[in-house]
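Reviewing the structure listed below.
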Amino acid sequence: MVNPIVIIGITLASAFFIGILQAYAKVWARVIFILTLVFDLLASGIVFYGFLSGELARPISVKIGGFPPPIGINLLVGKAEAAMAVLIFSVAFLGAIHWFVKGLPQPEGKAMVLFLLLSLGATGITFTGDFFNLFVFIEITSIAAYGLVASSRTKGALEAAFKYMVVGSISSTFILLGVVFLYKATGSLNMMDIAGKLLGGISSAVLALITLLILSGLLVELEVFPINGWALDVYQGADPVVVALLAGAAVKAFYLVFLKTAGFLPLSSFFSLALIFGGSTYLAGQFFAWRQRDVRRLFGYSSVAQLGLLILAAGFFLNSALASQSRLMIGAAIVLLIFNHSFAKTSLFLLADNVKGSNVEDWAGTLRGNPLFAFSFTSSVFSIAGIPPMAGFWAKVLLIFAIPRQYSWAVALILIGALAEVVYYFHLYRVASQGEGKEAGGNLFSPFVSSLLLVVSVPMVWGIFSRKLSIPLNGQVLLLLGISLGIYLLGFSRPLQWLGSLATLGYGIYVLLPHFKPDLSGFFLALVLFGGGALLIATYPGSKKLPSTFYPAYLVVVFSMAGVVLSSTWLSLFVFWEVMTWSSFLLINMGEGKKAAWLYAIFSAAGAYAMLGGIYLLPSLRIGVGKVPGLLPAVLISLAFLVKMATAPLHIWARDAYGESAHQFTPLLSGIMSKMGVFGTALVVVYILGVSSNPVFRYFLGWLGVLTAFFMTLLAVFQDDLKKLLAYSSVAQVGYILLGVALGTPLGWSASLYHTVNHFFFKALLFVAAAGIIYRVGTSYLPQMGGLIRRMPLTFFATLLAIISLAGIPPLSGFAGKWLLYSALIEKGWIFITVVAFLASTLAFLYCFKILHSVFLGQLQEENFNVKEVPLTVALVEVLLLLPLIILGAFPRLLLDPIDKVLSSLPGLSPAPIHYGRVMGAVTKLGHWNALFLMVFFAGSFLIALVFFAITSARIRKVGQLDVGYSGEVPRSAEDLHFGYGLYEHFRKAVGWLIYPLVTKVWKGIYEGINALAEMGRRIYTGDVNTYAAYVIALSIIILYIFSGVK
Amino acid sequence: MRKWLALAFLILLGFFLAKITSAFPFGVESWGVSKHYVDKGIEENRGSNLVTSIVVNYRGFDTLGEVTVLFLAATALAFLLATCRCRRRYERWEASLIVKAASETLYPLLILFGAYIFIHGHLTPGGGFQGGTVIASAVMLMLLAHFTFHPNHKALSTLEGLAGMSFVLIGFAGLIWGGSFLANNIIPLGQWNRLFSAGVIPLIYVAVGFKVGFELSGLITDMMKTIKEE
Amino acid sequence: MAFFVASILLILIGLYAVLVKRNIMKIVIGLSLMDTGVNVLIISLGFIRGRTAPIVNVKDLLVNTSSKVVDPLPQALVLTAIVIGVAVTAVALSIVMLMYSKKNTLEIDEYKELKW
């Protein structure tokens, strides 16, 4: 056990000692400096451990000067204080190491003294139990900070230091005045003593004013909107090491004092004060960052926002009207937020120090240059943006679920801010991860260690807090996720990673075997695992060009989907949903798309946070039939699923995300991940909406589905990029599935589930084939292909069958799905929808033909003469996916029977009214068809035609592609002559207005609108020190006026 | 416009400050915790100057912080100005003979006076800070009067550091032998109103006196010396 | 009472300089004035009419001291506050010196590069 005073005493003594030593022995000064920090870290660690182990049960009060408080000053150190000291000295230590490697500012001895005293001041602020002593330590911290901020002596640094100094002086004047008045009013300066005197709450107006005076001083230091201009300037102008220490440690100490002050001086209006200032600071910070081009200032805005969130949380934490369980949860959330933000920001600011140039654009390619940099940056950004499994995620979830229902606007506010955060952080992420690989500076030890701390803490945090929220996360899935991450270690060899992944997936299937039951989860689980496994086979040779994080991320997507379908609570579903979203984000980001992954991230985050809000509103977290008040939870939760299905008007991310994601990942994205949206919507319809109730909302969903199908089909028709065409087609098909689910009848569901599986077969097949073709040809631009039938006969055949199935033409599997869907629609009587659905299906022929013809038929382009058939693995998967199309075509019952079992397991649904009267025929009210007969008939016709073609093909004369002559014009390039070039141009003239990018423009308009508002908002930070000071005065007047109750 | 707005803000702020202050009638007795200091101060510390008792003993930790703040300011100033290419805007004239001669005479006397103040800090008004400031003013006088006066900067900062460390060491001595940091029971308290009384209070105040004296001298020297002549 | 009024006025005058003056030195002076105002206010809060200084150097004061002297605590606090004020001013001045050496001006309008 270490007496906390020793930490302060030793640090002070060595600061004085370094002051002497620097003149004589510079090296020893450095040694003492580091040793002191190490000692402090260890000593505070021991104290903290004392609290953790239970050796110290209650906060220790250390008297100084030999007199018990309130006569003498005392230190008051509890668990929170000890933890804060550990945090301060860890950040200081990391900062110091970074500083040493980078080169200390001269004269270095004095710089070290300032640095040491800044961390000492922050510790003193944390430890002290006396208000006036608090003021002294605040001044120590501030003065050291003024000096250090100016340390780089650039114009910006000096300007920032000066502004900080002016505003800080006003703030400490308020605090000093408040403390002295407090002494006059209560006769004491000791915190506990005063708290004891004010136990019942503050009743006198004067005491309220005094408390507010102190609080408004602290709010300046806590960088509350709009008095945080100085802080942003400091973040932008000062040495990143200093900024890391300020943002990572000192401000957190101020926050703890703020909490303590508000706790000891119980003001009844504190709750609303914290909510108003916390909330506005949070939102302002998150949105003003949007237009910020200077990265450090951007981080500054983010820090400000995080502090705002902390202040908001403080309001709830100290509100004694709340249940103690909620307050404990909020306390835990605060601890996590502080831990998370301190290390993440330390890491980010120190990384910023490694990047030359201050603008966002200067970060381009930095993630590709250095894996350490990439690791530190990614984990820090994920932490701050609150993405699972990082601590920030749990903090947000804990906070949200602890907030009582009557403050649900606060939850909405937190979620909106979190979304805004995703927008700007992932914009930076996008820039940093794309472009030419660029080697940033190599001073990465400290950022790496701090982000490592964030990552290492994950299992602990995950374990503790999932118990605290009582969300059972499937342990087997977690284990599998862990193993998946381990695949990264095989990164030195791509084939080994591939094999390892296959083995892991096999193991996953083995482990999760008991869950393959004939219910909704089991149905989708089979799709996820077997489908994911099959598609994994085809990834191999193509993955050689992808980063070594491809396979881990791929497996994480697959297993998190397993987690989603196996969830028994909505919250656990949300957790896995987020894991799935963000791991797939990484995979999409590996493609060539410039904005694809970013757009995907924004829409997914919007959906996910809407879902979280919806879950928050649910009366019970369990997934099961229960009474849900109102439509709002259902709407919010389905938003996430609609986004994943890319239902219009939430579809604008899909084209590029599908089209430009890593080709090896797209089959999974389209074939399986979009079905998670179907799964989710199914859950919503069954358990929240009820299959037979809320007909209006389901009718609305039906329209969404069919309009998506119609418009996406139309967009696909005019698309010239193979993958983007398939993307639109995929989204359109999922629209049909949504339509079936919305119907809520057994027949509709039967159609949807059937189509879900079938769509996986043919769309995965198409995307796998596309990946293979692109792997060989090197482009996905249709007019640059053509004639590939001669080089890739197998792939052609596979594509042909897939397209027949897609178009829903007998005899292949697609027909059954379409037929069932139309039957269901007619049975239900949704006539208008049926008409649009028919129209969309017809249009689909146009793009089906386009794929087939543009890629495989016509003439072979010269560049493609040496193209070979797709790689063996791809061919294997093509065959694997091809067979079910034929088999299901002949025997649809193979799939419809299990679906019936699934349907009978769901409340409110029953097996579809299909009779299988004769051996292979299916009969509904509307008619019947004999699948096997059709298959035999069509296959026979096909064979006859093939034989005829084989006989007559000898008479065809083959000419070169440019062997044309029309009107004396010389063809410019082979592409212009391609049949697919400008195909449907006449058609576009007729109906092109239908695909006017209205939705895209509207979303863009919203984005631009928010940007413009943010731009206007951040102009309040004029950079003028007079103005900043005026804000402080004005705000303190407002605080004193509104919250004191004195008129 | 700007001025009127500022005035409006300040009037409002003044209103609130006045509102708070008016709750405490001027010049009327209202004791808080300091009643203990006044009534028990002599008994517990033997120092006649109660303010000193509070500053050095009851609230000695504040004073340690205060010393740190001063040290910090001196360090920050020296740190920042070390590389400053600061220039003087106007020509500097040499002081007249009278000033030079007088300052030379006053210099030792002022230092002696400063020392007197901090040595008697526990008995009479004043103490380490005041004494130190007087010493620094002597140095400042010399610096203003003589171009050639160069205090030994290295020695100043060494002595200053030692003085600061001895403050902390006395604190630790209290922790080891007296039970708490800065405890005033490790040496005999002595008799009331004598020079050698009040335990460690005069020791600490001497250390503070030295520290403040050297610190401020160093600070002034730094400020004057960094300015380069044109 | 006059002390209260004067000290609050001092604080406000100092703040006025901070809010309105466009010269960096004047802003620093304003901060200094504000400090002084606060110090005067603290001292006058500890004042008790008709009492002597809290220095017990005569026998008479030894008994029943608390009815004879003013409150010593605000004086002790003000000592600390003064030193801190000096320290802040010193650091402020060194920053101002550096700023001047960079741009050769003390006009605040020249120091608005960091904004938005």
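Residue numbers start at 1 in each chain; chains themselves are named A, B, ... in the order of the structure tokens; ligands are numbered from 1 in the order shown.
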Please report as a list in words which residues of chain C come no farther than 6 Å from chain A, using only C-alpha atoms.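 Filtering chain C at 6 Å from chain A with only C-alpha atoms gives Leu19, Lys112, Leu114, Lys115 and Trp116 of chain C.
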What lies within 7 Å of segment 162-177 of chain B using only C-alpha atoms, ignoring chain neighbours under 4 positions off, as a list of chain:residue names? A:Gly9, A:Ala13, A:Phe16, B:Thr158, B:Phe181, B:Leu182, B:Ala183, B:Asn184, B:Ile186, B:Ile204, B:Ala207, B:Val208, B:Phe210, B:Lys211
Same residues, C-alpha atoms, saved as an mmCIF file, in the first residue's frame:
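Ended up saving to again-v4.cif:
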data_model
loop_
_atom_site.group_PDB
_atom_site.id
_atom_site.type_symbol
_atom_site.label_atom_id
_atom_site.label_comp_id
_atom_site.auth_asym_id
_atom_site.auth_seq_id
_atom_site.Cartn_x
_atom_site.Cartn_y
_atom_site.Cartn_z
ATOM 1 C CA GLY A 9 5.774 14.432 -2.901
ATOM 2 C CA ALA A 13 10.883 16.589 -5.402
ATOM 3 C CA PHE A 16 12.832 20.354 -8.391
ATOM 4 C CA THR B 158 20.582 25.139 -8.238
ATOM 5 C CA PHE B 181 3.134 14.864 5.483
ATOM 6 C CA LEU B 182 4.328 18.316 6.637
ATOM 7 C CA ALA B 183 3.492 17.476 10.273
ATOM 8 C CA ASN B 184 4.835 20.030 12.705
ATOM 9 C CA ILE B 186 9.227 16.465 14.548
ATOM 10 C CA ILE B 204 10.001 25.914 5.794
ATOM 11 C CA ALA B 207 13.349 27.522 2.416
ATOM 12 C CA VAL B 208 10.437 29.329 0.809
ATOM 13 C CA PHE B 210 15.304 31.346 -0.533
ATOM 14 C CA LYS B 211 13.267 29.700 -3.198
#
Interatomic distance (Å, one decimal) between atom CA of Trp462 of chain A and atom CA of Leu571 of chain A: 13.4 Å
Kindly indicate which residue among C:Val78, C:Ile27, C:Leu45, C:Ala90 lies nearest to Thr21 of chain B, using only C-alpha atoms for the distances. C:Leu45
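Nearest to Asn474 of chain A of all the residues A:Phe576, A:Tyr822, A:Phe949, A:Phe516 is A:Phe576, based on only C-alpha atoms.
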If we count only C-alpha atoms, what is near Val86 of chain C at a cut-off of 9 Å, once residues fewer than 6 positions away on the same chain are taken out, given as a list of chain:residue names?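 Those residues are B:Leu70, B:Ala73, C:Ser32.
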Can you tell me which residues surround Gly37 of chain C at a distance of at most 6 Å, considering only C-alpha atoms, apart from same-chain residues fewer than 3 positions away, and format the answer as an MDAnalysis selection string? chainID C and resid 7 10:11 34 40
Written file, previous selection with C-alpha atoms, as an mmCIF file, in the first residue's frame:
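Saved the output as out.cif:
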data_model
loop_
_atom_site.group_PDB
_atom_site.id
_atom_site.type_symbol
_atom_site.label_atom_id
_atom_site.label_comp_id
_atom_site.auth_asym_id
_atom_site.auth_seq_id
_atom_site.Cartn_x
_atom_site.Cartn_y
_atom_site.Cartn_z
ATOM 1 C CA SER C 7 -13.145 45.073 -5.632
ATOM 2 C CA LEU C 10 -11.865 46.168 -10.266
ATOM 3 C CA ILE C 11 -12.807 42.711 -11.430
ATOM 4 C CA MET C 34 -9.022 41.129 -12.360
ATOM 5 C CA VAL C 40 -9.077 42.654 -2.497
#
Within 6 Å of chain B: residues of chain C, using only C-alpha atoms, as a list in words: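 Only these qualify: Met1, Phe47, Ile48, Arg49, Pro54, Ile55, Val56, Asn57, Thr65, Ser66, Pro72, Ala76, Thr80, Ala87, Val91, Ser94 and Ser101 of chain C.
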Suppose you want the space between atom CA of Arg791 of chain A and atom CA of Gly772 of chain A; what is it in Å?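 Computed distance, atom CA of Arg791 of chain A to atom CA of Gly772 of chain A, equals 12.3 Å.
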Tell me which of A:Tyr658, A:Tyr609, A:Phe343, A:Phe67 sits closest to chain B, counting only C-alpha atoms. A:Phe67
Which value, in Å to one decimal, gives the distance between atom CA of Ala138 of chain B and atom CA of Glu215 of chain B? 13.0 Å
For each of B:Leu110, B:Ala115, B:Ala155, B:Leu143, take the minimum atom-to-atom distance to chain A, counting only C-alpha atoms, then give the residue where this is smallest. B:Ala155
Using only C-alpha atoms: which of B:Leu141, B:Trp93, B:Phe149, B:Gly60 has the shortest distance to Ile111 of chain B: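 For Ile111 of chain B, the nearest of the given residues is B:Leu141.
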Taking the DSSP secondary structure from the backbone, can you list the residues of segment 53-201 of chain A that are strand (DSSP E), as an mmCIF file with N, CA and C atoms, in the first residue's frame?
data_model
loop_
_atom_site.group_PDB
_atom_site.id
_atom_site.type_symbol
_atom_site.label_atom_id
_atom_site.label_comp_id
_atom_site.auth_asym_id
_atom_site.auth_seq_id
_atom_site.Cartn_x
_atom_site.Cartn_y
_atom_site.Cartn_z
ATOM 1 N N ILE A 60 -9.668 6.424 1.020
ATOM 2 C CA ILE A 60 -8.762 6.774 2.099
ATOM 3 C C ILE A 60 -8.611 8.287 2.157
ATOM 4 N N SER A 61 -8.593 8.785 3.397
ATOM 5 C CA SER A 61 -8.395 10.210 3.596
ATOM 6 C C SER A 61 -7.014 10.390 4.226
ATOM 7 N N VAL A 62 -6.138 11.090 3.530
ATOM 8 C CA VAL A 62 -4.776 11.286 4.027
ATOM 9 C C VAL A 62 -4.670 12.692 4.566
ATOM 10 N N LYS A 63 -4.406 12.805 5.877
ATOM 11 C CA LYS A 63 -4.299 14.168 6.405
ATOM 12 C C LYS A 63 -2.886 14.699 6.175
ATOM 13 N N ASN A 74 -6.685 17.593 3.374
ATOM 14 C CA ASN A 74 -6.500 16.148 3.241
ATOM 15 C C ASN A 74 -6.606 15.733 1.786
ATOM 16 N N LEU A 75 -6.045 14.566 1.513
ATOM 17 C CA LEU A 75 -6.265 13.956 0.210
ATOM 18 C C LEU A 75 -7.391 12.956 0.383
ATOM 19 N N LEU A 76 -8.217 12.856 -0.625
ATOM 20 C CA LEU A 76 -9.339 11.937 -0.554
ATOM 21 C C LEU A 76 -9.247 11.028 -1.772
ATOM 22 N N VAL A 77 -8.777 9.801 -1.523
ATOM 23 C CA VAL A 77 -8.507 8.932 -2.658
ATOM 24 C C VAL A 77 -9.377 7.692 -2.569
#
Contacts of Pro907 of chain A at 8 Å (only C-alpha atoms; same-chain gap of 3+ positions) as a PyMOL selection string: chain A and resi 625+686+904
Output for the residues just chosen: C-alpha atoms as a CSV table (one decimal), in the first residue's frame:
chain,number,residue,atom,x,y,z
A,625,VAL,CA,-44.1,-12.6,-28.8
A,686,VAL,CA,-43.6,-12.1,-36.5
A,904,SER,CA,-45.3,-24.1,-38.4
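With only C-alpha atoms as the atoms that count, the residue of A:Pro911, A:Pro105, A:Gly308, A:Gly858 with the shortest distance to chain B is A:Pro105.
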Please return, as a PyMOL selection string, all residues of segment 802-887 of chain A that DSSP assigns to alpha helix (DSSP H) on the basis of the backbone. chain A and resi 802-807+814-828+831-851+872-887
